[in-house]
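Here's the structure we're looking at; comments come further down.
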Amino acid sequence: MHPHNRYYGQNQVLAVYVGDIDRFSPPSISGHLQHDWDLVHDCSDATRLGPGRTAYLWSGAAARRRSARGGSGQVVIGAPWLYLLELDLEEMPRPAPDPEDDPTAAEVTVAPTGTLWLPRHDLRGEHAARRLAAEIVERETGPVTVALSHRDHAVPQLRQAYLDAGLSVVTLGEREDEGGTDDPRYLLRLLELMRAHRSVASNTLDAPVLYAAAAGLPAQVYGDAPDGPSATHRDEAAVRGSSTSATLNDIADRELGRRHLMPSAELSAVLEWSPRA
């Protein structure tokens with residue numbers, strides 16, 4: 001199976017959606033499941049994918065971009081994030097709370113509060129983080145949680161840049177979850193973290209901002225953008241500095257492929273997954 005297919009727990013989300021499949025160890029996908037917004041990470045072309053292998057893409061827009069690069073053998077199914085939003089999250093495998101650690105863990109519900117900030121850093125590293133932290137403090141009026149990738153969280157200087165500004169810092173965890181475990185998968189962790197906050201923000205129009213808009217959360221893009229590919233200039237300019245709008249919702253629907261979502265039986269057939277006997 002293509003190694004990208006295990007990124008972010010996307011294959012497990014699809015397995016739970018399809019149903020009647022081992023959700024702890026989802027079947028292999030014979031091809032490449034698009035694992036991120038293709039403006040940042042291209043889906044494999046035909047040469048790298050191998051003959052007869054299918055590229056499972058999020059959207060018609062991704063299919064057009066891949067075709068323009070010479071790709072073929074692709075099927076549009078919609079982003080796994082959208083399938084996750086269709087699920088009862090209680091269906092997702094996860095460790096049971098340990099009553100000895102927190103006897104009320106399963107009973108306490110906390111109202112969403114503050115802003116979840118998802119920064120992207122470039123080679124400027126700590127310096128970019130300190131500039132972002134200063135702008136966050138200047139613009140946000142409530143509590144802020146900065147969610148760092150596992151790689152950024154492992155850099156003490158990056159963590160400290162936000163802690164010194166009085167911001168809370170958490171890690172999003174590994175993007176590749178180990179199969180056969182009941183640890184929360186990346187997308188599930190991200191969704192629950194987003195829903196624990198009233199709004200989401202980032203310094204670039206990237207997949208997490210699209211995810212937040214698709215989940216119905218107010219989202220903003222502001223602050224110095226990192227170097228490297230991200231959104232198109234037109235899309236980024238349309239949403240930068242403003243709260244979630246119809247424009248951002250339209251971009252999310254287009255790029256995540258909302259109109260391409262499939263019923264469970266059709267998705268199972270397209271992925272060539274057979275139900276358990």
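Scheme for the structure tokens: letters A, B, ... for chains in order shown; per-chain residue numbers from 1; ligand numbers from 1 in order shown.
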Can you tell me, as a count of residues only, what residues are no more than 12 Å from stretch 269-271 of chain A when counting only C-alpha atoms, ignoring any on the same chain fewer than 4 positions away?
27
Give the strand (DSSP E) residues of stretch 2-191 of chain A, as DSSP finds them on the backbone, and put them as a list in words.
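Of stretch 2-191 of chain A, only Gly31, His32, Leu33, Thr54, Ala55, Tyr56, Leu57, Gln74, Val75, Val76, Thr115, Leu116, Trp117, Val144, Thr145, Val146, Ala147, Leu148, Ser168, Val169, Val170 and Thr171 of chain A fall in strand (DSSP E).
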Using only C-alpha atoms, which residues sit within 9 Å of A:Leu158 once same-chain residues fewer than 5 positions away are excluded, as a short mmCIF file (atom, residue, chain, number, x, y, z; two decimals) with C-alpha atoms, in the first residue's frame?
data_model
loop_
_atom_site.label_atom_id
_atom_site.label_comp_id
_atom_site.auth_asym_id
_atom_site.auth_seq_id
_atom_site.Cartn_x
_atom_site.Cartn_y
_atom_site.Cartn_z
CA GLY A 125 11.82 29.25 12.41
CA GLU A 126 11.95 30.88 15.83
CA HIS A 127 12.01 34.42 14.40
CA ALA A 129 7.21 32.23 15.42
CA ARG A 130 7.96 35.25 17.62
CA LEU A 148 2.13 22.74 16.52
CA ASP A 152 7.72 21.95 15.38
CA HIS A 153 6.71 20.90 18.90
CA LEU A 163 4.88 30.30 25.64
#
Residues near A:Glu91, cut-off 8 Å, only C-alpha atoms, skip fewer than 3 positions along chain, as a list of chain:residue names
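After dropping sequence-adjacent residues, the list is A:Val16, A:Leu87, A:Asp88.
Going from atom CA of A:Arg185 over to atom CA of A:Pro119, you cover 20.4 Å.
Atom CA of A:Glu174 is found 13.2 Å from atom CA of A:His4.
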Shell of 9 Å around stretch 204-214 of chain A, only C-alpha atoms, local chain residues under 6 positions omitted, as a VMD selection string
chain A and resid 36 to 37 39 to 40 81 to 82 85 118 to 120 190 to 191 194 220 to 226 230 to 232 235 to 236 239 to 240 244 to 245 248 to 249 251 to 253 255 to 256 258
Any chance you can output those residues with N, CA and C atoms as a compact mmCIF listing (two decimals), in the first residue's frame?
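The file below, selection.txt, is the result:
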# COMPACT_ATOMS: atom_id res chain seq x y z
N ASP A 36 -3.25 15.26 1.36
CA ASP A 36 -3.22 16.66 1.77
C ASP A 36 -3.69 17.49 0.59
N TRP A 37 -3.91 18.77 0.85
CA TRP A 37 -4.32 19.65 -0.24
C TRP A 37 -3.24 19.64 -1.31
N LEU A 39 -2.25 21.55 -3.54
CA LEU A 39 -1.45 22.74 -3.79
C LEU A 39 -0.17 22.73 -2.97
N VAL A 40 -0.17 21.92 -1.91
CA VAL A 40 1.00 21.83 -1.04
C VAL A 40 1.76 20.53 -1.29
N TRP A 81 -11.87 14.05 5.30
CA TRP A 81 -12.37 14.96 6.34
C TRP A 81 -13.88 15.11 6.26
N LEU A 82 -14.41 15.22 5.06
CA LEU A 82 -15.86 15.38 4.92
C LEU A 82 -16.61 14.12 5.34
N LEU A 85 -16.86 14.16 9.07
CA LEU A 85 -17.93 15.04 9.56
C LEU A 85 -19.30 14.36 9.48
N LEU A 118 -3.17 27.61 14.17
CA LEU A 118 -2.41 26.57 13.49
C LEU A 118 -1.34 27.21 12.61
N PRO A 119 -0.16 27.50 13.16
CA PRO A 119 0.85 28.22 12.39
C PRO A 119 1.62 27.31 11.44
N ARG A 120 2.09 27.92 10.36
CA ARG A 120 3.08 27.26 9.50
C ARG A 120 4.33 28.12 9.54
N LEU A 190 -7.63 16.32 15.41
CA LEU A 190 -7.75 17.69 14.92
C LEU A 190 -9.19 18.18 15.03
N LEU A 191 -10.16 17.36 14.65
CA LEU A 191 -11.55 17.77 14.71
C LEU A 191 -11.97 18.05 16.14
N MET A 194 -10.44 21.28 17.26
CA MET A 194 -11.15 22.42 16.69
C MET A 194 -12.47 22.67 17.40
N GLN A 220 -10.00 32.37 10.28
CA GLN A 220 -9.32 33.56 9.78
C GLN A 220 -7.94 33.18 9.26
N VAL A 221 -7.44 33.96 8.31
CA VAL A 221 -6.06 33.85 7.83
C VAL A 221 -5.42 35.22 8.01
N TYR A 222 -4.39 35.30 8.84
CA TYR A 222 -3.66 36.56 9.00
C TYR A 222 -2.25 36.25 9.50
N GLY A 223 -1.38 37.23 9.42
CA GLY A 223 0.01 37.05 9.83
C GLY A 223 0.90 36.74 8.64
N ASP A 224 2.22 36.82 8.86
CA ASP A 224 3.19 36.57 7.79
C ASP A 224 3.01 35.16 7.26
N ALA A 225 2.84 35.05 5.94
CA ALA A 225 2.72 33.73 5.32
C ALA A 225 4.11 33.12 5.14
N PRO A 226 4.22 31.81 5.29
CA PRO A 226 5.52 31.16 5.10
C PRO A 226 5.90 31.08 3.64
N SER A 230 1.32 27.32 -1.26
CA SER A 230 0.12 27.18 -0.43
C SER A 230 -1.06 27.42 -1.36
N ALA A 231 -1.96 28.30 -0.98
CA ALA A 231 -3.12 28.55 -1.82
C ALA A 231 -2.75 29.41 -3.02
N THR A 232 -3.66 29.47 -3.98
CA THR A 232 -3.46 30.40 -5.07
C THR A 232 -3.52 31.82 -4.52
N ASP A 235 -7.16 33.09 -4.19
CA ASP A 235 -7.93 32.57 -3.06
C ASP A 235 -7.42 33.13 -1.74
N GLU A 236 -6.10 33.19 -1.59
CA GLU A 236 -5.54 33.70 -0.33
C GLU A 236 -5.92 35.16 -0.12
N VAL A 239 -9.53 35.79 1.24
CA VAL A 239 -9.92 35.45 2.62
C VAL A 239 -8.99 36.03 3.67
N ARG A 240 -7.82 36.52 3.26
CA ARG A 240 -6.84 36.98 4.26
C ARG A 240 -7.37 38.17 5.04
N THR A 244 -14.48 33.84 8.55
CA THR A 244 -15.09 32.92 7.60
C THR A 244 -16.21 33.61 6.83
N SER A 245 -16.18 33.47 5.52
CA SER A 245 -17.17 34.10 4.67
C SER A 245 -17.68 33.07 3.69
N LEU A 248 -14.75 31.72 1.62
CA LEU A 248 -13.96 30.63 2.19
C LEU A 248 -14.76 29.33 2.18
N ASN A 249 -16.04 29.40 2.47
CA ASN A 249 -16.86 28.19 2.43
C ASN A 249 -16.90 27.62 1.02
N ILE A 251 -14.55 27.96 -1.29
CA ILE A 251 -13.23 27.37 -1.55
C ILE A 251 -13.13 26.00 -0.90
N ALA A 252 -13.60 25.89 0.35
CA ALA A 252 -13.55 24.61 1.06
C ALA A 252 -14.38 23.56 0.33
N ASP A 253 -15.59 23.92 -0.08
CA ASP A 253 -16.43 22.96 -0.79
C ASP A 253 -15.78 22.51 -2.10
N GLU A 255 -12.44 22.61 -2.96
CA GLU A 255 -11.18 21.90 -2.83
C GLU A 255 -11.30 20.59 -2.05
N LEU A 256 -12.27 20.49 -1.17
CA LEU A 256 -12.49 19.24 -0.44
C LEU A 256 -13.44 18.31 -1.19
N ARG A 258 -16.95 18.50 -1.81
CA ARG A 258 -18.20 18.14 -1.12
C ARG A 258 -19.21 17.47 -2.06
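Minimum atom-to-atom distance to A:Arg23, evaluated using only C-alpha atoms, belongs to A:Gly9 out of A:Val137, A:Glu176, A:Ala165, A:Gly9.
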State, in Å with one decimal place, the distance from atom CA of A:Gly257 to atom CA of A:Gly60.
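One can read the atom CA of A:Gly257 to atom CA of A:Gly60 distance as 6.8 Å.
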Which of A:Ala133, A:Thr115, A:Val170, A:Asp164 sits closest to A:Arg198 [using only C-alpha atoms]:
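Closest to A:Arg198, using only C-alpha atoms: A:Thr115.
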